[in-house]
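Text of data.txt, listed as compact mmCIF, C-alpha atoms and all ligand atoms:
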# COMPACT_ATOMS: atom_id res chain seq x y z
CA MET A 1 -6.12 11.54 7.50
CA LYS A 2 -8.00 11.62 10.72
CA GLY A 3 -7.26 8.69 12.99
CA PHE A 4 -4.08 7.72 11.21
CA ARG A 5 -0.88 9.18 12.56
CA TYR A 6 2.51 7.60 12.44
CA LEU A 7 5.65 8.20 14.49
CA LYS A 8 6.48 11.77 15.47
CA ASN A 9 9.56 13.76 14.47
CA VAL A 10 10.99 11.30 12.02
CA ALA A 11 10.10 12.69 8.57
CA THR A 12 13.12 13.89 6.59
CA LEU A 13 11.16 16.64 4.84
CA LYS A 14 12.87 20.04 4.52
CA LEU A 15 11.75 23.31 2.95
CA ASP A 16 13.97 26.19 1.91
CA SER A 17 11.62 29.17 2.16
CA ASP A 18 14.10 31.55 0.54
CA VAL A 19 13.95 29.56 -2.68
CA CYS A 20 10.19 28.91 -2.69
CA ILE A 21 8.19 30.88 -5.25
CA GLY A 22 4.81 29.97 -3.79
CA CYS A 23 3.53 28.15 -6.87
CA GLY A 24 1.44 25.76 -4.77
CA MET A 25 2.50 22.62 -6.60
CA CYS A 26 3.62 20.89 -3.40
CA MET A 27 0.17 21.47 -1.96
CA ASN A 28 -1.44 19.95 -5.05
CA VAL A 29 0.55 16.74 -5.04
CA CYS A 30 0.82 16.00 -1.32
CA PRO A 31 -1.66 13.27 -0.31
CA HIS A 32 -1.49 14.26 3.37
CA ARG A 33 -2.13 18.00 3.53
CA VAL A 34 1.36 18.65 4.84
CA PHE A 35 1.65 22.10 3.26
CA ARG A 36 -0.05 25.44 3.57
CA ILE A 37 0.60 28.50 1.43
CA ASP A 38 0.93 31.64 3.45
CA ALA A 39 2.00 35.03 2.12
CA LYS A 40 3.07 33.52 -1.21
CA LYS A 41 5.35 31.02 0.48
CA ALA A 42 4.85 27.36 1.22
CA GLU A 43 4.87 26.35 4.86
CA ILE A 44 5.16 22.92 6.42
CA ALA A 45 1.98 22.81 8.44
CA ASP A 46 1.94 19.17 9.50
CA LYS A 47 5.33 17.54 9.23
CA ASP A 48 4.38 14.40 11.15
CA ALA A 49 1.80 13.56 8.49
CA CYS A 50 4.52 13.25 5.84
CA MET A 51 4.99 9.72 4.52
CA GLU A 52 8.10 10.60 2.51
CA CYS A 53 6.61 9.73 -0.85
CA GLY A 54 8.75 12.35 -2.56
CA ALA A 55 5.95 13.82 -4.70
CA CYS A 56 6.48 17.38 -3.47
CA ALA A 57 10.25 17.39 -3.90
CA ILE A 58 10.22 16.07 -7.46
CA ASN A 59 7.43 18.45 -8.45
CA CYS A 60 8.85 21.63 -6.93
CA PRO A 61 10.03 23.60 -9.96
CA VAL A 62 12.72 25.46 -8.01
CA LYS A 63 13.96 22.57 -5.83
CA ALA A 64 12.97 24.26 -2.60
CA LEU A 65 11.98 20.94 -1.05
CA SER A 66 13.97 17.90 -0.09
CA VAL A 67 12.96 14.58 1.39
CA THR A 68 14.53 11.12 1.44
CA PRO A 69 11.89 9.21 -0.47
CA GLY A 70 11.18 5.52 -0.11
CA VAL A 71 8.57 2.94 0.70
CA GLY A 72 7.43 2.68 4.29
CA CYS A 73 7.22 -1.09 4.17
CA ALA A 74 8.75 -3.34 6.81
CA SER A 75 9.20 -6.38 4.53
CA TYR A 76 11.04 -4.23 2.03
CA ILE A 77 13.29 -2.63 4.62
CA LEU A 78 14.02 -6.05 6.10
CA GLN A 79 15.20 -7.22 2.71
CA THR A 80 17.49 -4.22 2.35
CA TRP A 81 18.99 -5.10 5.76
CA VAL A 82 19.69 -8.63 4.65
CA LYS A 83 20.72 -8.10 1.06
CA LYS A 84 21.99 -4.52 1.32
CA ASP A 85 21.34 -3.40 -2.25
CA LYS A 86 18.91 -5.33 -4.43
CA ALA A 87 15.64 -5.79 -2.61
CA ALA A 88 12.50 -6.79 -4.43
CA CYS A 89 9.37 -5.35 -2.96
CA GLY A 90 7.65 -8.25 -1.33
CA CYS A 91 4.70 -6.56 0.22
CA GLY A 92 1.31 -7.38 -1.12
CA GLY A 93 -1.23 -4.66 -0.58
CA ALA A 94 -2.87 -2.74 -3.38
CA GLU A 95 -1.34 0.41 -2.00
CA CYS A 96 2.03 -1.18 -2.28
CA CYS A 97 3.82 -3.23 -4.89
CA MET B 1 -8.52 11.86 -37.94
CA GLU B 2 -6.81 8.63 -36.96
CA ASN B 3 -9.48 7.86 -34.46
CA ALA B 4 -10.20 4.56 -36.12
CA ASN B 5 -6.86 3.08 -35.04
CA VAL B 6 -7.51 3.60 -31.37
CA ALA B 7 -9.02 0.72 -29.46
CA SER B 8 -12.30 1.51 -27.83
CA ILE B 9 -12.82 0.26 -24.30
CA GLU B 10 -15.87 -0.60 -22.30
CA THR B 11 -16.62 1.44 -19.24
CA ARG B 12 -18.61 -1.43 -17.84
CA LEU B 13 -16.61 -4.20 -16.21
CA SER B 14 -17.45 -7.76 -17.13
CA TRP B 15 -17.70 -10.63 -14.66
CA ARG B 16 -14.30 -11.66 -15.98
CA ASP B 17 -12.82 -8.33 -14.85
CA TYR B 18 -14.41 -8.67 -11.44
CA PHE B 19 -13.21 -12.24 -11.16
CA GLY B 20 -9.69 -11.08 -12.08
CA MET B 21 -9.84 -8.39 -9.39
CA PHE B 22 -11.04 -10.93 -6.87
CA LYS B 23 -8.22 -13.34 -7.73
CA MET B 24 -5.69 -10.56 -7.44
CA ARG B 25 -7.08 -9.60 -4.03
CA ILE B 26 -6.66 -13.09 -2.69
CA GLY B 27 -3.19 -13.25 -4.14
CA ILE B 28 -3.40 -15.61 -7.09
CA GLY B 29 -2.44 -14.80 -10.65
CA ARG B 30 -1.34 -11.28 -9.89
CA ASN B 31 1.81 -11.40 -11.97
CA LYS B 32 -0.07 -11.65 -15.23
CA TYR B 33 -2.51 -8.94 -14.36
CA ARG B 34 -1.65 -6.41 -17.06
CA ALA B 35 -3.22 -4.25 -19.74
CA ALA B 36 -1.35 -3.47 -22.97
CA PRO B 37 0.25 0.00 -22.97
CA GLY B 38 -0.98 2.46 -25.58
CA LEU B 39 -3.81 4.86 -26.38
CA TYR B 40 -7.44 3.92 -25.80
CA LYS B 41 -10.76 5.72 -25.98
CA THR B 42 -14.04 5.62 -24.13
CA GLY B 43 -17.19 6.87 -25.81
CA THR B 44 -16.49 9.02 -28.87
CA PRO B 45 -13.74 11.42 -27.85
CA LYS B 46 -13.10 14.56 -29.91
CA PRO B 47 -9.85 16.51 -30.24
CA ASP B 48 -10.83 18.60 -27.26
CA SER B 49 -11.73 15.66 -25.02
CA PRO B 50 -9.64 15.07 -21.89
CA VAL B 51 -6.71 12.64 -21.78
CA PHE B 52 -6.37 10.41 -18.71
CA VAL B 53 -3.12 8.63 -17.97
CA SER B 54 -3.04 5.23 -16.24
CA ALA B 55 -0.69 2.43 -15.28
CA ASN B 56 -0.90 -0.90 -17.10
CA TYR B 57 -1.74 -2.68 -13.89
CA LYS B 58 -5.11 -4.03 -14.94
CA MET B 59 -6.85 -3.10 -11.72
CA SER B 60 -5.70 0.56 -11.98
CA PHE B 61 -6.89 0.57 -15.58
CA ASP B 62 -10.21 -1.14 -14.78
CA LEU B 63 -10.90 1.26 -11.91
CA LEU B 64 -10.25 4.20 -14.21
CA ARG B 65 -12.41 3.00 -17.09
CA SER B 66 -15.30 1.92 -14.91
CA ASN B 67 -15.44 5.49 -13.63
CA LEU B 68 -15.45 7.04 -17.09
CA ALA B 69 -18.96 5.87 -18.01
CA GLY B 70 -20.67 8.61 -19.99
CA ILE B 71 -17.46 10.58 -20.44
CA ASP B 72 -15.83 10.84 -23.86
CA ALA B 73 -12.14 10.58 -23.17
CA TRP B 74 -8.74 9.35 -24.24
CA ILE B 75 -6.77 7.02 -22.03
CA LEU B 76 -3.03 6.77 -22.28
CA VAL B 77 -1.79 3.58 -20.64
CA LEU B 78 1.88 3.62 -19.65
CA ASN B 79 4.07 0.58 -19.38
CA THR B 80 4.56 0.22 -15.65
CA ARG B 81 5.24 -3.51 -16.00
CA GLY B 82 1.95 -4.46 -14.47
CA VAL B 83 2.54 -2.51 -11.27
CA ASN B 84 -0.08 -0.17 -9.80
CA VAL B 85 0.15 3.61 -10.01
CA TRP B 86 1.38 4.30 -6.50
CA CYS B 87 4.10 1.66 -6.48
CA ALA B 88 5.15 2.27 -10.05
CA ALA B 89 5.62 5.95 -9.23
CA GLY B 90 7.73 5.03 -6.21
CA LYS B 91 9.80 2.57 -8.19
CA GLY B 92 10.29 4.90 -11.14
CA THR B 93 8.36 3.01 -13.82
CA PHE B 94 5.45 5.48 -13.76
CA SER B 95 7.86 8.29 -14.50
CA THR B 96 8.44 11.51 -16.39
CA ARG B 97 10.50 9.56 -18.90
CA GLU B 98 7.94 6.83 -19.51
CA LEU B 99 5.17 9.40 -19.89
CA VAL B 100 7.12 11.54 -22.38
CA LYS B 101 8.11 8.41 -24.29
CA MET B 102 4.51 7.23 -24.53
CA ILE B 103 3.20 10.65 -25.63
CA LYS B 104 5.68 10.56 -28.53
CA LYS B 105 5.09 6.90 -29.35
CA VAL B 106 1.32 7.20 -29.80
CA GLU B 107 1.72 10.68 -31.36
CA LEU B 108 -0.79 12.10 -28.95
CA GLU B 109 -0.66 15.57 -30.49
CA THR B 110 -2.28 14.20 -33.66
CA PHE B 111 -5.36 13.13 -31.68
CA VAL B 112 -5.97 16.10 -29.47
CA SER B 113 -6.03 19.84 -30.04
CA HIS B 114 -5.27 20.75 -26.42
CA ARG B 115 -2.06 20.08 -24.49
CA GLU B 116 -3.26 18.82 -21.14
CA LEU B 117 -3.01 15.44 -19.41
CA ILE B 118 -4.84 14.27 -16.32
CA LEU B 119 -2.73 12.02 -14.12
CA PRO B 120 -3.75 10.22 -10.95
CA GLN B 121 -2.40 12.24 -8.07
CA LEU B 122 -0.66 9.20 -6.61
CA SER B 123 1.66 9.14 -9.62
CA ALA B 124 3.20 12.44 -8.48
CA PRO B 125 6.18 10.80 -6.69
CA GLY B 126 7.36 9.62 -10.13
CA VAL B 127 6.29 12.42 -12.43
CA ALA B 128 7.65 15.95 -12.38
CA ALA B 129 4.97 18.08 -14.04
CA HIS B 130 7.38 20.84 -15.07
CA GLU B 131 9.74 18.32 -16.68
CA VAL B 132 6.90 16.77 -18.72
CA MET B 133 5.99 20.26 -19.92
CA LYS B 134 9.55 20.97 -20.93
CA ASN B 135 10.02 17.67 -22.76
CA SER B 136 6.65 17.19 -24.44
CA GLY B 137 4.74 20.46 -24.32
CA PHE B 138 1.93 18.79 -22.37
CA LYS B 139 0.72 20.27 -19.13
CA VAL B 140 0.24 17.73 -16.35
CA LYS B 141 -2.79 18.13 -14.17
CA PHE B 142 -2.90 15.87 -11.14
CA GLY B 143 -6.44 14.59 -10.76
CA PRO B 144 -8.15 13.04 -7.77
CA ILE B 145 -6.57 10.19 -5.79
CA ARG B 146 -9.61 7.95 -6.10
CA ALA B 147 -10.93 7.10 -9.55
CA GLY B 148 -14.40 7.31 -8.04
CA ASP B 149 -13.97 11.10 -7.78
CA ILE B 150 -13.31 11.60 -11.51
CA LYS B 151 -16.88 12.66 -12.32
CA ARG B 152 -16.84 15.23 -9.52
CA PHE B 153 -13.41 16.37 -10.66
CA ILE B 154 -14.67 17.01 -14.21
CA ASP B 155 -17.84 18.70 -12.99
CA ASN B 156 -15.64 20.81 -10.75
CA GLY B 157 -13.89 22.27 -13.82
CA LYS B 158 -11.03 19.76 -13.59
CA VAL B 159 -9.91 20.98 -10.21
CA ALA B 160 -9.23 18.51 -7.42
CA ASP B 161 -10.40 19.94 -4.11
CA ALA B 162 -8.64 19.27 -0.81
CA GLU B 163 -10.78 16.23 -0.11
CA MET B 164 -10.02 14.59 -3.47
CA ARG B 165 -6.33 15.14 -2.84
CA GLU B 166 -6.13 13.50 0.54
CA VAL B 167 -5.64 9.75 0.82
CA THR B 168 -8.07 7.75 2.90
CA PHE B 169 -7.74 4.37 4.54
CA SER B 170 -11.29 3.40 5.35
CA LEU B 171 -12.41 0.19 7.00
CA TRP B 172 -13.30 -1.21 3.57
CA GLU B 173 -9.98 -0.10 2.07
CA ARG B 174 -8.22 -1.93 4.88
CA PHE B 175 -10.46 -4.96 4.68
CA VAL B 176 -9.77 -5.69 0.99
CA LEU B 177 -6.06 -5.86 1.79
CA THR B 178 -6.38 -8.53 4.45
CA PRO B 179 -6.92 -11.67 2.28
CA ASN B 180 -3.61 -11.06 0.62
CA GLU B 181 -1.87 -10.51 3.94
CA LEU B 182 -2.90 -14.08 4.77
CA ALA B 183 -2.45 -15.65 1.34
CA SER B 184 1.11 -14.37 0.99
CA ARG B 185 2.01 -16.23 4.20
CA LEU B 186 0.54 -19.60 3.36
CA LYS B 187 3.81 -21.35 2.61
CA VAL B 188 5.76 -19.98 5.53
CA SER B 189 2.84 -20.81 7.82
CA PHE B 190 3.04 -24.50 6.93
CA LEU B 191 6.74 -24.50 7.81
CA ILE B 192 6.12 -22.73 11.09
CA ILE B 193 3.33 -25.12 12.06
CA ALA B 194 5.57 -28.09 11.21
CA ALA B 195 8.26 -26.62 13.47
CA ILE B 196 5.72 -26.11 16.26
CA LEU B 197 4.65 -29.75 16.03
CA VAL B 198 8.28 -30.81 16.40
CA ILE B 199 9.06 -28.41 19.26
CA SER B 200 5.93 -29.51 21.10
CA ASN B 201 7.41 -32.98 21.31
CA ILE B 202 10.82 -31.97 22.69
CA GLY B 203 11.32 -32.91 26.31
CA ASN B 204 8.48 -35.33 26.08
CA GLY B 205 11.01 -38.11 26.55
CA LEU B 206 8.72 -41.03 26.19
CA PHE B 207 7.25 -39.94 22.86
CA SER B 208 3.75 -40.28 24.07
CA PHE B 209 2.17 -39.50 20.73
CA HIS B 210 -1.14 -38.40 22.17
CA TRP B 211 0.57 -35.65 24.09
CA GLU B 212 2.54 -34.36 21.17
CA LEU B 213 -0.53 -33.92 19.04
CA TYR B 214 -2.41 -32.27 21.85
CA ARG B 215 0.28 -29.68 22.54
CA GLY B 216 1.12 -29.38 18.87
CA ILE B 217 -2.45 -28.38 18.14
CA PHE B 218 -2.49 -25.79 20.92
CA GLY B 219 0.87 -24.43 19.74
CA SER B 220 -0.33 -24.23 16.15
CA ALA B 221 -3.53 -22.55 17.31
CA ALA B 222 -1.39 -19.93 19.07
CA TYR B 223 0.39 -19.27 15.78
CA ILE B 224 -2.85 -19.02 13.80
CA ILE B 225 -4.30 -16.65 16.39
CA GLY B 226 -1.19 -14.48 16.13
CA LEU B 227 -1.37 -14.51 12.34
CA LEU B 228 -5.08 -13.63 12.18
CA SER B 229 -4.59 -10.99 14.81
CA GLY B 230 -1.70 -9.30 12.98
CA ALA B 231 -2.98 -9.70 9.43
CA VAL B 232 -6.70 -9.10 9.92
CA ILE B 233 -7.70 -7.81 13.36
CA ALA B 234 -4.97 -5.21 13.83
CA PRO B 235 -5.44 -3.76 10.29
CA LEU B 236 -9.20 -3.55 10.73
CA PHE B 237 -8.99 -1.90 14.13
CA LEU B 238 -5.96 0.21 13.21
CA PRO B 239 -7.28 3.70 13.96
CA TRP B 240 -8.82 2.64 17.26
CA LEU B 241 -5.83 0.81 18.69
CA PRO B 242 -3.80 3.00 21.05
CA GLY B 243 -0.40 4.39 20.12
CA ARG B 244 1.31 4.85 16.79
CA SER B 245 3.57 1.86 16.58
CA PHE B 246 2.26 -0.95 14.40
CA ALA B 247 4.28 -3.50 16.35
CA ALA B 248 2.64 -2.38 19.60
CA LYS B 249 -0.85 -2.39 18.07
CA GLY B 250 -0.25 -5.92 16.80
CA ALA B 251 1.14 -7.10 20.13
CA LEU B 252 -1.95 -5.75 21.86
CA THR B 253 -4.51 -7.49 19.62
CA GLY B 254 -2.43 -10.67 19.82
CA LEU B 255 -2.38 -10.54 23.60
CA VAL B 256 -6.13 -9.94 23.84
CA LEU B 257 -7.02 -12.76 21.46
CA SER B 258 -4.60 -15.28 22.95
CA THR B 259 -5.85 -14.43 26.44
CA LEU B 260 -9.38 -15.27 25.30
CA PHE B 261 -8.06 -18.52 23.86
CA CYS B 262 -6.25 -19.41 27.08
CA LEU B 263 -9.39 -18.85 29.13
CA PHE B 264 -10.71 -21.97 27.44
CA ILE B 265 -7.63 -24.14 27.51
CA HIS B 266 -5.58 -23.13 30.56
CA GLU B 267 -6.76 -26.13 32.57
CA GLN B 268 -5.11 -28.52 30.16
CA LEU B 269 -1.79 -26.66 30.25
CA GLY B 270 0.64 -25.60 32.93
CA PHE B 271 1.41 -22.00 33.85
CA MET B 272 4.55 -21.87 31.72
CA SER B 273 2.77 -23.19 28.68
CA VAL B 274 0.02 -20.61 29.02
CA ALA B 275 2.66 -17.88 29.30
CA ALA B 276 4.38 -19.32 26.22
CA ILE B 277 1.15 -19.14 24.21
CA LEU B 278 0.46 -15.54 25.23
CA ILE B 279 3.99 -14.40 24.44
CA PHE B 280 4.22 -16.32 21.19
CA ALA B 281 0.87 -15.21 19.75
CA SER B 282 1.58 -11.60 20.71
CA SER B 283 5.00 -11.60 19.02
CA VAL B 284 3.70 -13.20 15.84
CA SER B 285 0.86 -10.69 15.74
CA SER B 286 3.28 -7.85 16.44
CA TYR B 287 5.56 -8.83 13.57
CA VAL B 288 2.74 -9.41 11.10
CA ALA B 289 1.13 -6.08 11.99
CA LEU B 290 4.49 -4.36 11.55
CA THR B 291 4.71 -5.65 7.98
CA PHE B 292 1.25 -4.24 7.30
CA THR B 293 3.01 -0.86 7.14
CA GLY B 294 3.81 -1.80 3.55
CA ALA B 295 0.14 -1.75 2.64
CA THR B 296 -0.77 1.51 4.33
CA PRO B 297 -0.70 4.90 2.65
CA PHE B 298 0.70 6.87 5.57
CA THR B 299 3.80 5.25 7.06
CA SER B 300 7.12 6.92 6.25
CA PRO B 301 10.15 4.73 5.54
CA THR B 302 12.20 6.58 8.16
CA GLY B 303 9.50 5.86 10.72
CA VAL B 304 9.13 2.21 9.77
CA GLU B 305 12.86 1.66 9.96
CA LYS B 306 13.02 3.33 13.36
CA GLU B 307 10.20 1.15 14.63
CA MET B 308 11.78 -2.00 13.20
CA ARG B 309 15.12 -1.37 14.90
CA LEU B 310 13.35 -1.37 18.21
CA ALA B 311 10.65 -3.97 17.62
CA ILE B 312 12.34 -6.78 15.72
CA PRO B 313 14.96 -7.65 18.38
CA ILE B 314 12.19 -7.69 21.00
CA GLN B 315 10.01 -9.92 18.80
CA ILE B 316 12.87 -12.36 18.25
CA ALA B 317 13.71 -12.46 21.95
CA ALA B 318 10.05 -13.03 22.81
CA VAL B 319 9.73 -15.93 20.37
CA VAL B 320 12.88 -17.55 21.80
CA LEU B 321 11.55 -17.07 25.33
CA SER B 322 8.17 -18.55 24.44
CA CYS B 323 9.82 -21.59 22.86
CA ALA B 324 11.90 -22.10 26.00
CA LEU B 325 8.80 -21.87 28.20
CA TRP B 326 6.90 -24.22 25.91
CA ILE B 327 9.65 -26.80 26.00
CA ALA B 328 10.11 -26.43 29.78
CA ARG B 329 6.32 -26.91 30.32
CA HIS B 330 4.64 -26.88 33.71
S1 LIG C 401 6.36 23.56 -5.03
FE1 LIG C 401 8.24 24.51 -4.32
S2 LIG C 401 8.12 26.60 -5.07
FE2 LIG C 401 6.08 25.76 -5.25
S3 LIG C 401 5.08 26.38 -3.33
FE3 LIG C 401 5.93 24.33 -2.98
S4 LIG C 401 7.96 24.70 -2.13
FE4 LIG C 401 7.28 26.61 -3.01
S1 LIG C 402 6.97 13.64 0.74
FE1 LIG C 402 4.86 13.16 0.12
S2 LIG C 402 3.73 13.12 2.05
FE2 LIG C 402 5.65 14.15 2.48
S3 LIG C 402 5.20 16.29 2.23
FE3 LIG C 402 5.99 15.57 0.28
S4 LIG C 402 4.19 15.03 -0.88
FE4 LIG C 402 3.55 15.18 1.25

Written as structure tokens, how would this file's structure read?
Ligand code: SF4
Ligand code: SF4
Amino acid sequence: MKGFRYLKNVATLKLDSDVCIGCGMCMNVCPHRVFRIDAKKAEIADKDACMECGACAINCPVKALSVTPGVGCASYILQTWVKKDKAACGCGGAECC
Amino acid sequence: MENANVASIETRLSWRDYFGMFKMRIGIGRNKYRAAPGLYKTGTPKPDSPVFVSANYKMSFDLLRSNLAGIDAWILVLNTRGVNVWCAAGKGTFSTRELVKMIKKVELETFVSHRELILPQLSAPGVAAHEVMKNSGFKVKFGPIRAGDIKRFIDNGKVADAEMREVTFSLWERFVLTPNELASRLKVSFLIIAAILVISNIGNGLFSFHWELYRGIFGSAAYIIGLLSGAVIAPLFLPWLPGRSFAAKGALTGLVLSTLFCLFIHEQLGFMSVAAILIFASSVSSYVALTFTGATPFTSPTGVEKEMRLAIPIQIAAVVLSCALWIARH
């Protein structure tokens, strides 16, 4: 996404290259071109573009990927601060809830 | 074939559908905006026709069907409780389990000879393709992000190229989100404006009513400028505003707009009051822009939380300071 970059060095995305079988699924599901396949292994090419949606981790057949998934929504996070557990997503956009 | 039992759907949207979309955009009636889960068809699908999977959020469903004109296809609508694809996947209602359940419930294998499903790519956070395969025998293919690319996707041999797989956040895509950013704040805005009218009278001693109204209107205007700046201007100008922090982008647009406003009214107000307006409008704008993170398709929760820890205390302090300046006057 040209022109849209969020904070640097915060994404919780991790890849275990030893486990990766190079199937390319992570590349297919990632909406931000975070991955590249090189020499039959996935590589994190653009970590700062990761929005922690969790699509790659849940779709990796060998669990080589991990990420703490969640919604990047301030209203939602604010609610979790106040109520701790049960927060209803209050944000309104079509991209969100 | 049991084709006859499957409801046929129009690929052309009626004015009613458009009106429904419009109402949803401006934030009214969105809770009832659902389509019934189940199997549907467009055109006259055959056993080898493709199967598209959608959420039962009516707008997701409408977007899908309006892009299937001229394509014979099956549509499997999951029960995501009226929530759109992206959010339902994040919340776990557009999930492996729901998909497998629905495949079994409608007995999909009796309608189609192949074993392939096309899912919107944005459902991937909730659906594990390999798990669906294991539990239902159907192969999940993640299609394009935008329903508008479906024709190209099919012509491309059902392969989504890199462009179809990358989310976008165009000016138009940002613009359609802004009415709801405002509408969702209507109630709280009335309360805030009422509070401003009260605060504008504090320290006035003699309750000169003319003065209260005067300052109350300027104070309320500062709030409205901050709101418009954070909910409309900052989202529209998002990629061109410097930096990465939403709170900073919002503070900047708020400061620029309130400065323009003060150019016109500074003669009626003292120095402190002008400062109060600038600080207040910038903080409101900063906070509102920060909450726009929820509507964007690129902010990570870790990043948003980091930004909030820094920005929210500053915003609160700034609002308190502006109130103090406003009450102190001169
Ligand atoms: S999905 Fe997993 S195994 Fe496949 S390429 Fe990505 S990291 Fe490697
Ligand atoms: S969590 Fe989402 S955005 Fe981040 S790398 Fe995985 S698929 Fe891409």

Quick one: which chain B residues come within 9 Å of ligand LIG 402 (chain C), and what is the nearest atom pair for each with the distance in Å to one decimal, counting all atoms listed in the file, rows ordered by chain and ascending number, as CSV?
residue,atom,partner,partner_atom,distance
B:Ala124,CA,C:LIG402,S4,8.1
B:Pro125,CA,C:LIG402,FE1,7.3
B:Phe298,CA,C:LIG402,S2,7.8
B:Ser300,CA,C:LIG402,S2,8.2

Which polymer residues have any atom within 6 Å of an atom of range 219-233 of chain B, counting all atoms listed in the file, with same-chain residues fewer than 6 positions away left out, as a PyMOL selection string? chain B and resi 178+181+193+250+253-254+277+281+284-285+288-289

What does the file look like for those residues with C-alpha atoms, as a compact mmCIF listing (two decimals), keeping the file's coordinate frame?
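What ended up in result-v7.txt:
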# COMPACT_ATOMS: atom_id res chain seq x y z
CA THR B 178 -6.38 -8.53 4.45
CA GLU B 181 -1.87 -10.51 3.94
CA ILE B 193 3.33 -25.12 12.06
CA GLY B 250 -0.25 -5.92 16.80
CA THR B 253 -4.51 -7.49 19.62
CA GLY B 254 -2.43 -10.67 19.82
CA ILE B 277 1.15 -19.14 24.21
CA ALA B 281 0.87 -15.21 19.75
CA VAL B 284 3.70 -13.20 15.84
CA SER B 285 0.86 -10.69 15.74
CA VAL B 288 2.74 -9.41 11.10
CA ALA B 289 1.13 -6.08 11.99

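From CA of Ile37 in chain A back to CA of Asp16 in chain A, the distance works out to 13.6 Å.
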
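With all atoms listed in the file as the atoms that count, the minimum distance from chain B to the choices A:Thr12, A:Cys20, A:Cys73, A:Ala57 is reached by A:Cys73.
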
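All chain B residues having an atom within 6 Å of chain A, based on only C-alpha atoms, amount to Cys87, Ala124, Pro125, Ala128, Arg165, Glu166, Val167, Leu177, Pro239, Arg244, Thr291, Thr293, Gly294, Ala295, Phe298, Thr299, Ser300, Pro301, Gly303 and Val304 of chain B.
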
Tell me which of B:Thr296, B:Asn67, B:Thr110, B:Ser283 sits closest to Ala317 in chain B, counting only C-alpha atoms.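 Distance minimum relative to Ala317 in chain B lands on B:Ser283.
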
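For the choices A:Val34, A:Val82, A:Cys23, A:Ile44, the atom-to-atom distance to ligand LIG 401 (chain C) is smallest for A:Cys23 when using all atoms listed in the file.
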